[in-house]
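Coordinates as given in run_21.txt (compact mmCIF, C-alpha atoms):
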# COMPACT_ATOMS: atom_id res chain seq x y z
CA MET A 14 -24.75 -37.77 167.41
CA SER A 15 -25.79 -41.27 168.53
CA LEU A 16 -27.41 -41.81 171.94
CA SER A 17 -24.55 -44.02 173.16
CA LEU A 18 -21.96 -41.38 172.26
CA PHE A 19 -24.03 -38.64 173.93
CA ILE A 20 -24.34 -40.62 177.18
CA ALA A 21 -20.64 -41.52 177.11
CA ARG A 22 -19.66 -37.86 176.78
CA ARG A 23 -21.93 -36.87 179.68
CA LEU A 24 -20.53 -39.63 181.88
CA TYR A 25 -16.94 -38.80 180.92
CA GLY A 26 -17.37 -35.11 181.68
CA SER A 27 -19.49 -35.57 184.79
CA LYS A 28 -18.21 -33.95 187.99
CA GLU A 29 -19.60 -36.90 189.95
CA ASN A 30 -16.52 -38.89 188.87
CA THR A 31 -14.39 -36.92 191.33
CA GLY A 32 -13.59 -38.98 194.39
CA ARG A 33 -14.88 -42.23 192.92
CA LEU A 34 -12.78 -45.36 192.70
CA SER A 35 -13.39 -45.35 188.96
CA SER A 36 -11.71 -41.94 188.76
CA LEU A 37 -8.50 -43.51 190.08
CA GLY A 38 -8.85 -46.37 187.60
CA VAL A 39 -9.39 -43.97 184.70
CA ASN A 40 -6.35 -41.91 185.72
CA ILE A 41 -4.19 -45.02 185.98
CA ALA A 42 -5.39 -46.17 182.56
CA THR A 43 -4.67 -42.74 181.09
CA ILE A 44 -1.18 -42.69 182.62
CA GLY A 45 -0.54 -46.22 181.35
CA ILE A 46 -1.52 -45.25 177.80
CA ALA A 47 0.56 -42.05 177.98
CA ILE A 48 3.68 -43.77 179.31
CA GLY A 49 3.34 -46.66 176.88
CA LEU A 50 3.02 -44.41 173.83
CA ALA A 51 5.80 -42.10 175.03
CA VAL A 52 8.15 -45.06 175.43
CA MET A 53 7.22 -46.34 171.98
CA ILE A 54 7.80 -42.93 170.36
CA VAL A 55 11.16 -42.48 172.07
CA SER A 56 12.24 -46.04 171.23
CA VAL A 57 11.35 -45.73 167.56
CA ALA A 58 12.94 -42.27 167.29
CA VAL A 59 16.17 -43.43 168.95
CA VAL A 60 16.54 -46.71 167.03
CA LEU A 61 15.73 -45.08 163.68
CA GLY A 62 18.04 -42.20 164.56
CA PHE A 63 20.85 -44.61 165.40
CA LYS A 64 20.35 -46.54 162.17
CA ASP A 65 20.25 -43.36 160.08
CA GLU A 66 23.39 -42.03 161.77
CA ILE A 67 25.40 -45.21 161.18
CA LYS A 68 24.17 -45.57 157.59
CA SER A 69 25.03 -41.96 156.82
CA LYS A 70 28.57 -42.45 158.12
CA VAL A 71 29.15 -45.70 156.23
CA THR A 72 27.79 -44.23 152.99
CA GLY A 73 29.76 -41.05 153.66
CA PHE A 74 32.95 -43.06 153.34
CA GLY A 75 31.79 -45.30 150.50
CA SER A 76 28.62 -43.83 148.93
CA HIS A 77 25.70 -46.13 148.01
CA ILE A 78 27.10 -47.98 145.00
CA GLN A 79 30.69 -48.61 143.95
CA ILE A 80 32.17 -49.67 140.62
CA LEU A 81 35.45 -51.53 141.18
CA ASN A 82 38.03 -53.27 139.05
CA THR A 83 37.42 -57.01 139.42
CA ASP A 84 41.17 -57.72 139.29
CA ALA A 85 42.16 -55.09 141.85
CA GLN A 86 41.54 -57.39 144.84
CA GLN A 87 44.00 -59.97 143.49
CA MET A 88 46.61 -57.42 142.40
CA SER A 89 46.61 -54.87 145.25
CA ASP A 90 45.81 -51.30 144.21
CA THR A 91 47.68 -51.23 140.88
CA LEU A 92 44.68 -51.62 138.57
CA PRO A 93 42.35 -48.63 138.09
CA VAL A 94 38.88 -48.03 136.78
CA ILE A 95 38.99 -45.91 133.63
CA ALA A 96 36.47 -43.12 134.35
CA SER A 97 36.07 -41.68 130.88
CA ALA A 98 33.80 -38.66 130.43
CA SER A 99 31.29 -40.67 128.39
CA PHE A 100 31.13 -43.45 131.02
CA VAL A 101 30.60 -41.00 133.88
CA ASP A 102 27.98 -39.14 131.86
CA ARG A 103 26.01 -42.37 131.25
CA LEU A 104 26.10 -43.16 134.95
CA SER A 105 24.99 -39.64 135.92
CA LYS A 106 21.94 -39.89 133.65
CA CYS A 107 20.89 -43.27 135.05
CA GLU A 108 17.48 -43.18 136.71
CA GLY A 109 17.77 -42.85 140.50
CA VAL A 110 21.42 -41.70 140.48
CA SER A 111 22.05 -38.34 142.15
CA HIS A 112 25.84 -38.05 141.98
CA VAL A 113 28.94 -39.77 140.59
CA GLN A 114 32.44 -39.17 141.93
CA ARG A 115 35.94 -40.56 141.46
CA VAL A 116 38.03 -41.82 144.37
CA THR A 117 41.60 -43.11 144.28
CA GLN A 118 43.24 -45.03 147.11
CA LYS A 119 46.84 -45.80 147.97
CA ALA A 120 48.16 -47.71 150.95
CA GLY A 121 51.06 -46.12 152.81
CA ILE A 122 52.64 -45.30 156.14
CA LEU A 123 52.57 -42.00 158.00
CA LYS A 124 55.74 -41.46 160.06
CA THR A 125 56.68 -38.90 162.66
CA ASP A 126 59.83 -38.63 164.73
CA THR A 127 58.39 -40.88 167.42
CA ASP A 128 55.80 -43.12 165.80
CA PHE A 129 54.33 -44.44 162.55
CA ARG A 130 50.96 -45.71 161.35
CA GLY A 131 49.75 -47.62 158.30
CA ILE A 132 46.85 -45.87 156.57
CA SER A 133 44.91 -45.69 153.33
CA PHE A 134 45.31 -42.43 151.41
CA THR A 135 42.02 -41.51 149.73
CA GLY A 136 42.25 -39.07 146.86
CA ILE A 137 39.26 -36.81 146.24
CA GLY A 138 38.77 -34.56 143.21
CA ASP A 139 36.65 -31.60 142.21
CA ASP A 140 33.66 -33.89 141.60
CA TYR A 141 33.72 -35.22 145.17
CA ASP A 142 30.76 -34.35 147.42
CA THR A 143 32.46 -32.93 150.53
CA THR A 144 29.23 -32.48 152.53
CA PHE A 145 29.98 -35.47 154.75
CA LEU A 146 33.59 -34.46 155.44
CA ALA A 147 32.63 -30.85 156.10
CA ARG A 148 30.00 -31.95 158.62
CA HIS A 149 32.56 -33.96 160.58
CA LEU A 150 35.47 -31.53 160.25
CA VAL A 151 36.62 -30.50 163.74
CA GLU A 152 39.73 -28.48 162.87
CA GLY A 153 41.29 -26.82 159.83
CA ARG A 154 40.02 -27.24 156.28
CA LEU A 155 39.50 -29.86 153.59
CA PRO A 156 42.28 -30.82 151.13
CA ASN A 157 42.73 -28.72 148.00
CA HIS A 158 41.52 -30.96 145.18
CA VAL A 159 43.66 -29.20 142.52
CA GLU A 160 47.00 -29.98 144.17
CA THR A 161 49.45 -32.14 142.27
CA ASP A 162 52.36 -34.39 143.17
CA SER A 163 55.02 -32.64 141.12
CA LEU A 164 58.49 -32.84 142.64
CA GLN A 165 59.05 -29.27 141.55
CA GLU A 166 56.29 -28.00 143.86
CA THR A 167 57.72 -25.88 146.68
CA THR A 168 54.77 -26.54 149.00
CA SER A 169 53.72 -29.90 150.43
CA PRO A 170 50.30 -31.29 149.43
CA SER A 171 47.61 -31.09 152.11
CA LEU A 172 46.31 -34.08 154.06
CA LEU A 173 43.13 -34.48 156.10
CA VAL A 174 43.58 -36.92 158.98
CA SER A 175 41.19 -38.26 161.60
CA ARG A 176 41.24 -37.35 165.27
CA ASN A 177 42.25 -40.95 165.91
CA MET A 178 45.39 -40.57 163.76
CA ALA A 179 46.18 -37.10 165.04
CA ASP A 180 46.13 -38.28 168.66
CA ALA A 181 48.16 -41.41 167.91
CA LEU A 182 50.86 -39.48 166.00
CA SER A 183 50.63 -36.21 167.98
CA LEU A 184 49.72 -34.26 164.85
CA HIS A 185 48.13 -30.82 164.68
CA CYS A 186 46.90 -28.61 161.86
CA GLY A 187 49.89 -27.15 160.02
CA ASP A 188 52.28 -29.96 161.01
CA LYS A 189 54.37 -31.60 158.32
CA VAL A 190 54.45 -35.38 158.19
CA PHE A 191 56.28 -37.85 155.93
CA ALA A 192 54.46 -40.61 154.10
CA TYR A 193 56.08 -43.74 152.63
CA PHE A 194 54.64 -45.83 149.81
CA PHE A 195 55.77 -49.28 148.74
CA SER A 196 55.49 -50.87 145.31
CA SER A 197 58.48 -51.84 143.17
CA ASP A 198 60.43 -49.27 145.16
CA ILE A 199 59.95 -47.08 148.22
CA ARG A 200 58.63 -43.59 147.61
CA MET A 201 58.51 -40.80 150.16
CA ARG A 202 56.31 -37.70 150.13
CA ARG A 203 55.87 -34.92 152.63
CA PHE A 204 52.36 -33.74 153.47
CA VAL A 205 51.07 -30.92 155.62
CA VAL A 206 48.09 -31.59 157.88
CA CYS A 207 45.36 -29.22 156.67
CA GLY A 208 42.53 -30.48 158.86
CA ILE A 209 41.23 -33.05 161.30
CA TYR A 210 37.91 -34.88 161.06
CA GLN A 211 36.07 -37.15 163.49
CA THR A 212 33.20 -39.52 162.71
CA ASN A 213 33.68 -41.94 165.65
CA MET A 214 33.54 -44.85 163.19
CA THR A 215 36.75 -46.52 164.33
CA GLN A 216 36.76 -48.89 161.38
CA PHE A 217 37.29 -45.89 159.08
CA ASP A 218 38.82 -43.23 161.32
CA SER A 219 41.76 -45.44 162.25
CA ASN A 220 43.09 -45.83 158.71
CA THR A 221 41.55 -43.30 156.28
CA ALA A 222 43.22 -40.00 155.38
CA PHE A 223 42.15 -37.71 152.54
CA ALA A 224 44.34 -35.94 150.00
CA SER A 225 44.01 -34.49 146.51
CA LEU A 226 43.00 -36.93 143.74
CA PRO A 227 45.87 -35.85 141.41
CA VAL A 228 48.37 -36.42 144.23
CA VAL A 229 47.21 -39.97 144.94
CA ASN A 230 46.87 -40.74 141.22
CA ALA A 231 50.48 -39.66 140.70
CA LEU A 232 51.59 -41.93 143.55
CA ASN A 233 49.87 -44.82 141.75
CA GLY A 234 51.34 -43.78 138.41
CA TRP A 235 47.89 -43.20 136.90
CA ASP A 236 46.57 -40.55 134.53
CA SER A 237 43.70 -38.17 135.23
CA LEU A 238 41.04 -40.54 133.85
CA SER A 239 41.94 -43.34 136.26
CA CYS A 240 40.61 -43.96 139.76
CA SER A 241 40.31 -46.83 142.23
CA THR A 242 36.54 -46.55 142.59
CA LEU A 243 33.61 -44.83 140.96
CA GLU A 244 31.23 -43.99 143.79
CA ILE A 245 27.56 -43.47 143.01
CA ALA A 246 25.01 -41.80 145.28
CA VAL A 247 21.30 -42.52 144.83
CA ASN A 248 18.18 -40.50 145.58
CA ASP A 249 16.39 -43.25 147.51
CA PHE A 250 18.42 -45.63 149.64
CA SER A 251 15.59 -48.18 149.72
CA LEU A 252 15.95 -48.61 145.93
CA VAL A 253 19.72 -49.07 145.94
CA GLU A 254 19.50 -52.72 144.78
CA ASP A 255 17.35 -51.85 141.77
CA ILE A 256 19.54 -48.88 140.84
CA ALA A 257 22.66 -51.05 141.16
CA ASP A 258 21.13 -53.47 138.63
CA ARG A 259 20.56 -50.58 136.22
CA VAL A 260 24.10 -49.32 136.77
CA ALA A 261 25.46 -52.80 136.03
CA THR A 262 23.94 -52.65 132.55
CA LEU A 263 25.87 -49.43 131.83
CA LYS A 264 29.36 -50.68 132.63
CA PRO A 265 31.51 -51.83 129.70
CA ASP A 266 31.05 -55.44 128.64
CA VAL A 267 34.50 -55.56 127.09
CA PRO A 268 37.88 -55.23 128.82
CA ASP A 269 39.28 -51.73 129.27
CA ARG A 270 42.69 -50.66 127.95
CA ASN A 271 44.32 -52.59 130.81
CA GLY A 272 42.41 -55.77 129.95
CA CYS A 273 40.22 -55.54 133.06
CA TYR A 274 36.51 -55.88 133.74
CA TYR A 275 34.42 -53.92 136.23
CA ALA A 276 32.00 -55.05 138.96
CA VAL A 277 29.18 -53.21 140.71
CA TYR A 278 28.69 -53.51 144.48
CA THR A 279 26.17 -51.95 146.84
CA ILE A 280 27.26 -50.56 150.19
CA GLN A 281 25.37 -53.40 151.91
CA GLU A 282 27.48 -55.95 150.06
CA LEU A 283 30.74 -54.22 150.88
CA TYR A 284 29.92 -53.71 154.56
CA GLY A 285 27.48 -56.55 155.18
CA ALA A 286 28.41 -57.03 158.84
CA ILE A 287 27.47 -53.46 159.74
CA PHE A 288 24.11 -53.57 157.95
CA ASP A 289 23.27 -57.01 159.37
CA TRP A 290 23.93 -55.58 162.82
CA LEU A 291 21.59 -52.66 162.09
CA LYS A 292 18.86 -55.09 161.03
CA LEU A 293 19.02 -56.71 164.48
CA LEU A 294 17.91 -53.41 165.99
CA ASP A 295 14.52 -53.85 164.32
CA MET A 296 13.87 -56.81 166.65
CA ASN A 297 14.45 -54.54 169.65
CA ILE A 298 11.81 -52.14 168.35
CA TRP A 299 9.21 -54.87 167.94
CA VAL A 300 9.87 -56.27 171.43
CA ILE A 301 9.47 -52.81 173.00
CA LEU A 302 6.34 -52.07 170.98
CA GLY A 303 4.82 -55.41 171.99
CA LEU A 304 5.54 -54.91 175.70
CA MET A 305 4.24 -51.34 175.75
CA THR A 306 1.09 -52.34 173.86
CA CYS A 307 0.44 -55.02 176.47
CA VAL A 308 0.85 -52.44 179.24
CA CYS A 309 -1.63 -50.12 177.53
CA CYS A 310 -4.16 -52.90 177.03
CA PHE A 311 -3.96 -54.24 180.60
CA THR A 312 -4.37 -50.80 182.15
CA MET A 313 -7.33 -50.04 179.91
CA ILE A 314 -9.05 -53.36 180.66
CA SER A 315 -8.68 -52.92 184.42
CA GLY A 316 -9.79 -49.28 184.29
CA LEU A 317 -12.88 -50.03 182.20
CA LEU A 318 -13.90 -52.99 184.41
CA ILE A 319 -13.71 -50.77 187.48
CA LEU A 320 -15.77 -48.16 185.67
CA ILE A 321 -18.45 -50.68 184.62
CA LEU A 322 -18.75 -52.17 188.11
CA GLU A 323 -19.07 -48.74 189.70
CA ARG A 324 -21.68 -47.70 187.13
CA THR A 325 -23.84 -50.79 187.65
CA SER A 326 -26.81 -48.72 188.77
CA THR A 327 -26.48 -46.51 185.69
CA ILE A 328 -26.46 -49.63 183.52
CA GLY A 329 -29.64 -50.84 185.28
CA ILE A 330 -31.39 -47.53 184.64
CA LEU A 331 -30.44 -47.56 180.94
CA LYS A 332 -31.72 -51.11 180.54
CA ALA A 333 -34.89 -50.36 182.48
CA LEU A 334 -35.56 -47.47 180.08
CA GLY A 335 -35.32 -49.87 177.16
CA GLY A 336 -31.66 -49.69 176.30
CA ARG A 337 -30.35 -52.80 174.58
CA ASN A 338 -27.16 -54.52 175.66
CA SER A 339 -25.44 -53.43 172.45
CA MET A 340 -26.30 -49.77 173.08
CA VAL A 341 -25.08 -49.86 176.69
CA ARG A 342 -21.90 -51.63 175.62
CA ARG A 343 -21.27 -48.90 173.05
CA VAL A 344 -21.60 -46.30 175.82
CA PHE A 345 -18.69 -47.79 177.72
CA LEU A 346 -16.78 -48.49 174.54
CA HIS A 347 -16.99 -44.78 173.66
CA TYR A 348 -15.99 -43.97 177.23
CA GLY A 349 -12.93 -46.16 176.84
CA VAL A 350 -12.01 -44.48 173.55
CA PHE A 351 -12.14 -41.10 175.32
CA ILE A 352 -9.68 -42.43 177.90
CA VAL A 353 -7.39 -43.80 175.19
CA GLY A 354 -7.56 -40.51 173.30
CA ARG A 355 -6.51 -38.50 176.34
CA GLY A 356 -3.70 -40.96 177.03
CA LEU A 357 -2.50 -40.68 173.44
CA LEU A 358 -2.51 -36.90 173.67
CA TRP A 359 -0.32 -36.86 176.75
CA GLY A 360 1.85 -39.65 175.38
CA ASN A 361 2.59 -37.63 172.25
CA VAL A 362 3.38 -34.54 174.30
CA ILE A 363 5.77 -36.41 176.61
CA GLY A 364 7.43 -38.54 173.92
CA LEU A 365 7.93 -35.75 171.39
CA LEU A 366 9.14 -33.35 174.08
CA LEU A 367 11.78 -35.83 175.25
CA CYS A 368 12.88 -36.45 171.67
CA TYR A 369 13.08 -32.73 170.93
CA VAL A 370 15.15 -32.02 174.04
CA GLN A 371 17.60 -34.78 173.11
CA TRP A 372 17.71 -33.72 169.44
CA GLN A 373 18.34 -30.09 170.36
CA TRP A 374 20.71 -30.34 173.32
CA HIS A 375 22.12 -33.93 173.32
CA ILE A 376 21.65 -34.32 177.07
CA PHE A 377 22.14 -38.12 176.97
CA PRO A 378 25.73 -38.93 175.89
CA LEU A 379 27.13 -42.25 174.64
CA ASP A 380 30.55 -43.85 174.58
CA ALA A 381 31.62 -43.12 170.99
CA SER A 382 34.17 -45.97 170.99
CA SER A 383 31.36 -48.51 171.55
CA TYR A 384 28.35 -46.95 169.80
CA TYR A 385 30.02 -44.92 166.99
CA VAL A 386 28.16 -41.79 168.13
CA ASP A 387 28.84 -39.52 171.10
CA HIS A 388 25.17 -38.92 171.96
CA VAL A 389 21.83 -40.68 171.63
CA PRO A 390 20.65 -39.85 168.09
CA VAL A 391 17.01 -39.04 167.40
CA THR A 392 15.07 -39.03 164.12
CA PHE A 393 11.54 -37.65 163.84
CA HIS A 394 9.87 -40.15 161.53
CA TRP A 395 6.38 -38.65 161.39
CA PHE A 396 4.82 -41.53 159.47
CA ALA A 397 6.04 -43.99 162.12
CA ILE A 398 4.71 -41.76 164.94
CA LEU A 399 1.33 -41.50 163.19
CA ALA A 400 1.28 -45.28 162.70
CA LEU A 401 2.01 -45.79 166.41
CA ASN A 402 -0.91 -43.58 167.39
CA ILE A 403 -3.37 -45.20 164.99
CA SER A 404 -2.32 -48.77 165.83
CA THR A 405 -2.45 -48.09 169.60
CA LEU A 406 -5.92 -46.59 169.27
CA ILE A 407 -7.21 -49.50 167.17
CA ILE A 408 -5.68 -52.24 169.34
CA CYS A 409 -6.87 -50.69 172.61
CA THR A 410 -10.38 -50.15 171.19
CA LEU A 411 -10.61 -53.76 170.04
CA ILE A 412 -9.37 -54.98 173.42
CA LEU A 413 -12.09 -52.94 175.16
CA VAL A 414 -14.80 -54.97 173.40
CA GLY A 415 -14.09 -57.82 175.83
CA PRO A 416 -14.70 -55.96 179.13
CA THR A 417 -17.95 -54.46 177.79
CA LEU A 418 -19.40 -58.00 177.57
CA VAL A 419 -19.86 -57.76 181.33
CA VAL A 420 -22.73 -55.37 180.63
CA SER A 421 -24.75 -58.18 179.04
CA HIS A 422 -24.75 -60.14 182.33
CA ILE A 423 -26.05 -57.27 184.47
CA LYS A 424 -29.79 -57.61 185.24
CA PRO A 425 -31.80 -54.36 185.61
CA VAL A 426 -33.61 -55.51 188.76
CA LYS A 427 -30.44 -56.39 190.60
CA ALA A 428 -28.54 -53.41 189.16
CA LEU A 429 -31.07 -50.91 190.52
CA LYS A 430 -30.56 -52.34 194.00
CA PHE A 431 -26.77 -52.16 193.60
CA ASP A 432 -25.06 -49.55 195.77
For this file, produce the structure as structure tokens.
Amino acid sequence: MSLSLFIARRLYGSKENTGRLSSLGVNIATIGIAIGLAVMIVSVAVVLGFKDEIKSKVTGFGSHIQILNTDAQQMSDTLPVIASASFVDRLSKCEGVSHVQRVTQKAGILKTDTDFRGISFTGIGDDYDTTFLARHLVEGRLPNHVETDSLQETTSPSLLVSRNMADALSLHCGDKVFAYFFSSDIRMRRFVVCGIYQTNMTQFDSNTAFASLPVVNALNGWDSLSCSTLEIAVNDFSLVEDIADRVATLKPDVPDRNGCYYAVYTIQELYGAIFDWLKLLDMNIWVILGLMTCVCCFTMISGLLILILERTSTIGILKALGGRNSMVRRVFLHYGVFIVGRGLLWGNVIGLLLCYVQWQWHIFPLDASSYYVDHVPVTFHWFAILALNISTLIICTLILVGPTLVVSHIKPVKALKFD
């Protein structure tokens, strides 16, 4: 152990600090560090939690990558993607791809005795990952993916609607509702509400209902190999652009049997406005981190200056005994690091405790219609929390080098007379 570190530990643990002005300064500095770090931890956890929550909901409705028919946008929903077994198998084996599923869509109108609503019917099959829908299911069950649209069926196919639709049309689980579809003629089908989901994403909840893939395919007049979209989930969202490029090389280069070509889109391209909005939240994080770092630095500078001025006689004794300016400066630099360390400890305890309470019990609610979530979301990103601790320690330590320069201007003769 170096001499400067030994002296710093003795000064830091000395009982003579009690009642001194420097004790108040040290406590204020410790509180400033603790509050600053706690605010930074909570801010990062909340913003990252909010971004993760919104991204999970957007990708829950559209996955990470979509393969679409390039002519479908000009010709409504009449042109499918041919999802042959060999094509799906190639996509599934692509590096970075975790899942491939077929989705078919059909625009229509839900009508009750008193009201009607235009919606998009989304057909899901046995290859569809229902984890997202099951997590947001509030009543009933998910649609049966093996149901068909045969007119000879005695039972109506099931339909999963959102809480938004159910409230607007006064629907409940088990209710029968008529749906109308328009193409060259008007077709009518009766569905039974099997369940109600709620994601609070108004953009999707207001117009997306889920039914069986064979049912929606039959409404479009398609066979079992056809679908509106091939949705692809990836293992690492940060690599979605690279994986999309690899997927693009696997799609057919020649027209399909309908004379159509396919295009590959990432979820960021399809919902650019939402992801651009999420990127703006990063600026909020940096502003908060900058302000809290300034608070930590200012409190540490003031606390250390008070400590140095009150320990002027100690500085004079150390210099009179032959201590160099650099050694005495290191004493107070170590002392400052001890203060920062204690502040970081309490900051972690306070910040993580607040985050855990919110994560466990959701005590801080939000207006779901404005924020897309009904409570403040929290994500424990341990690498980010570790980075906050290390960066705060390094920045505060570097800042403390400045106040210790005062030691160089203290003369032993005058310091020993200082009271």
Quiz item: Could you name the residues that touch Gly38 (chain A) at 12 Å or less, counting only C-alpha atoms, but leaving out those on the same chain fewer than 5 positions away, as an NGL selection string?
Solution: :A and (30-33 or 43-45 or 311-323 or 349 or 352)
Quiz item: Which of these, A:Arg176, A:Arg343, A:His158, A:Arg200, has the shortest distance to Asp218 (chain A) once you count all atoms listed in the file?
Solution: A:Arg176
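Shortest separation to Val362 (chain A) among A:Phe191, A:Ala51, A:Cys186, A:His347 occurs at residue A:Ala51, atoms counted being only C-alpha atoms.
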Where's the centre, and what are the edge lengths in Å to one decimal, of a box along x, y and z enclosing all listed atoms of region 402-414 of chain A padded 3 Å per side, as AutoDock Vina command-line options?
--center_x -7.9 --center_y -49.3 --center_z 170.1 --size_x 19.9 --size_y 17.4 --size_z 16.2
Quiz item: Please, what distance in Å, to one decimal, runs between CA of Thr83 (chain A) and CA of Tyr275 (chain A)?
Solution: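 Going from CA of Thr83 (chain A) over to CA of Tyr275 (chain A) covers 5.4 Å.
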Practice problem: Using all atoms listed in the file, determine which residues lie at most 10 Å from region 142-151 of chain A, disregarding the query and same-chain residues fewer than 4 positions distant; provide the list as a PyMOL selection string. | Solution: chain A and resi 69-70+72-74+76+112-114+137-138+155+173-176+208-213+223+246
Would you mind exporting the chosen residues as a compact mmCIF listing (two decimals), in the frame of the given file, restricted to C-alpha atoms?
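Result file follows (again_23.txt):
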# COMPACT_ATOMS: atom_id res chain seq x y z
CA SER A 69 25.03 -41.96 156.82
CA LYS A 70 28.57 -42.45 158.12
CA THR A 72 27.79 -44.23 152.99
CA GLY A 73 29.76 -41.05 153.66
CA PHE A 74 32.95 -43.06 153.34
CA SER A 76 28.62 -43.83 148.93
CA HIS A 112 25.84 -38.05 141.98
CA VAL A 113 28.94 -39.77 140.59
CA GLN A 114 32.44 -39.17 141.93
CA ILE A 137 39.26 -36.81 146.24
CA GLY A 138 38.77 -34.56 143.21
CA LEU A 155 39.50 -29.86 153.59
CA LEU A 173 43.13 -34.48 156.10
CA VAL A 174 43.58 -36.92 158.98
CA SER A 175 41.19 -38.26 161.60
CA ARG A 176 41.24 -37.35 165.27
CA GLY A 208 42.53 -30.48 158.86
CA ILE A 209 41.23 -33.05 161.30
CA TYR A 210 37.91 -34.88 161.06
CA GLN A 211 36.07 -37.15 163.49
CA THR A 212 33.20 -39.52 162.71
CA ASN A 213 33.68 -41.94 165.65
CA PHE A 223 42.15 -37.71 152.54
CA ALA A 246 25.01 -41.80 145.28
Near Gly62 (chain A), within 12 Å and counting all atoms listed in the file, which residues show up once chain neighbours fewer than 4 positions away are dropped, as an mmCIF file with C-alpha atoms, keeping the file's coordinate frame?
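New file selection.cif:
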data_model
loop_
_atom_site.group_PDB
_atom_site.id
_atom_site.type_symbol
_atom_site.label_atom_id
_atom_site.label_comp_id
_atom_site.auth_asym_id
_atom_site.auth_seq_id
_atom_site.Cartn_x
_atom_site.Cartn_y
_atom_site.Cartn_z
ATOM 1 C CA ILE A 54 7.800 -42.930 170.360
ATOM 2 C CA VAL A 55 11.160 -42.480 172.070
ATOM 3 C CA SER A 56 12.240 -46.040 171.230
ATOM 4 C CA VAL A 57 11.350 -45.730 167.560
ATOM 5 C CA ALA A 58 12.940 -42.270 167.290
ATOM 6 C CA GLU A 66 23.390 -42.030 161.770
ATOM 7 C CA ILE A 67 25.400 -45.210 161.180
ATOM 8 C CA LYS A 68 24.170 -45.570 157.590
ATOM 9 C CA SER A 69 25.030 -41.960 156.820
ATOM 10 C CA LEU A 291 21.590 -52.660 162.090
ATOM 11 C CA LEU A 294 17.910 -53.410 165.990
ATOM 12 C CA CYS A 368 12.880 -36.450 171.670
ATOM 13 C CA GLN A 371 17.600 -34.780 173.110
ATOM 14 C CA TRP A 372 17.710 -33.720 169.440
ATOM 15 C CA VAL A 386 28.160 -41.790 168.130
ATOM 16 C CA HIS A 388 25.170 -38.920 171.960
ATOM 17 C CA VAL A 389 21.830 -40.680 171.630
ATOM 18 C CA PRO A 390 20.650 -39.850 168.090
ATOM 19 C CA VAL A 391 17.010 -39.040 167.400
ATOM 20 C CA THR A 392 15.070 -39.030 164.120
ATOM 21 C CA PHE A 393 11.540 -37.650 163.840
ATOM 22 C CA HIS A 394 9.870 -40.150 161.530
#
Quiz item: Hey, can you check how far CA of Phe217 (chain A) sits from CA of Tyr284 (chain A)?
Solution: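 It comes out at 11.7 Å.
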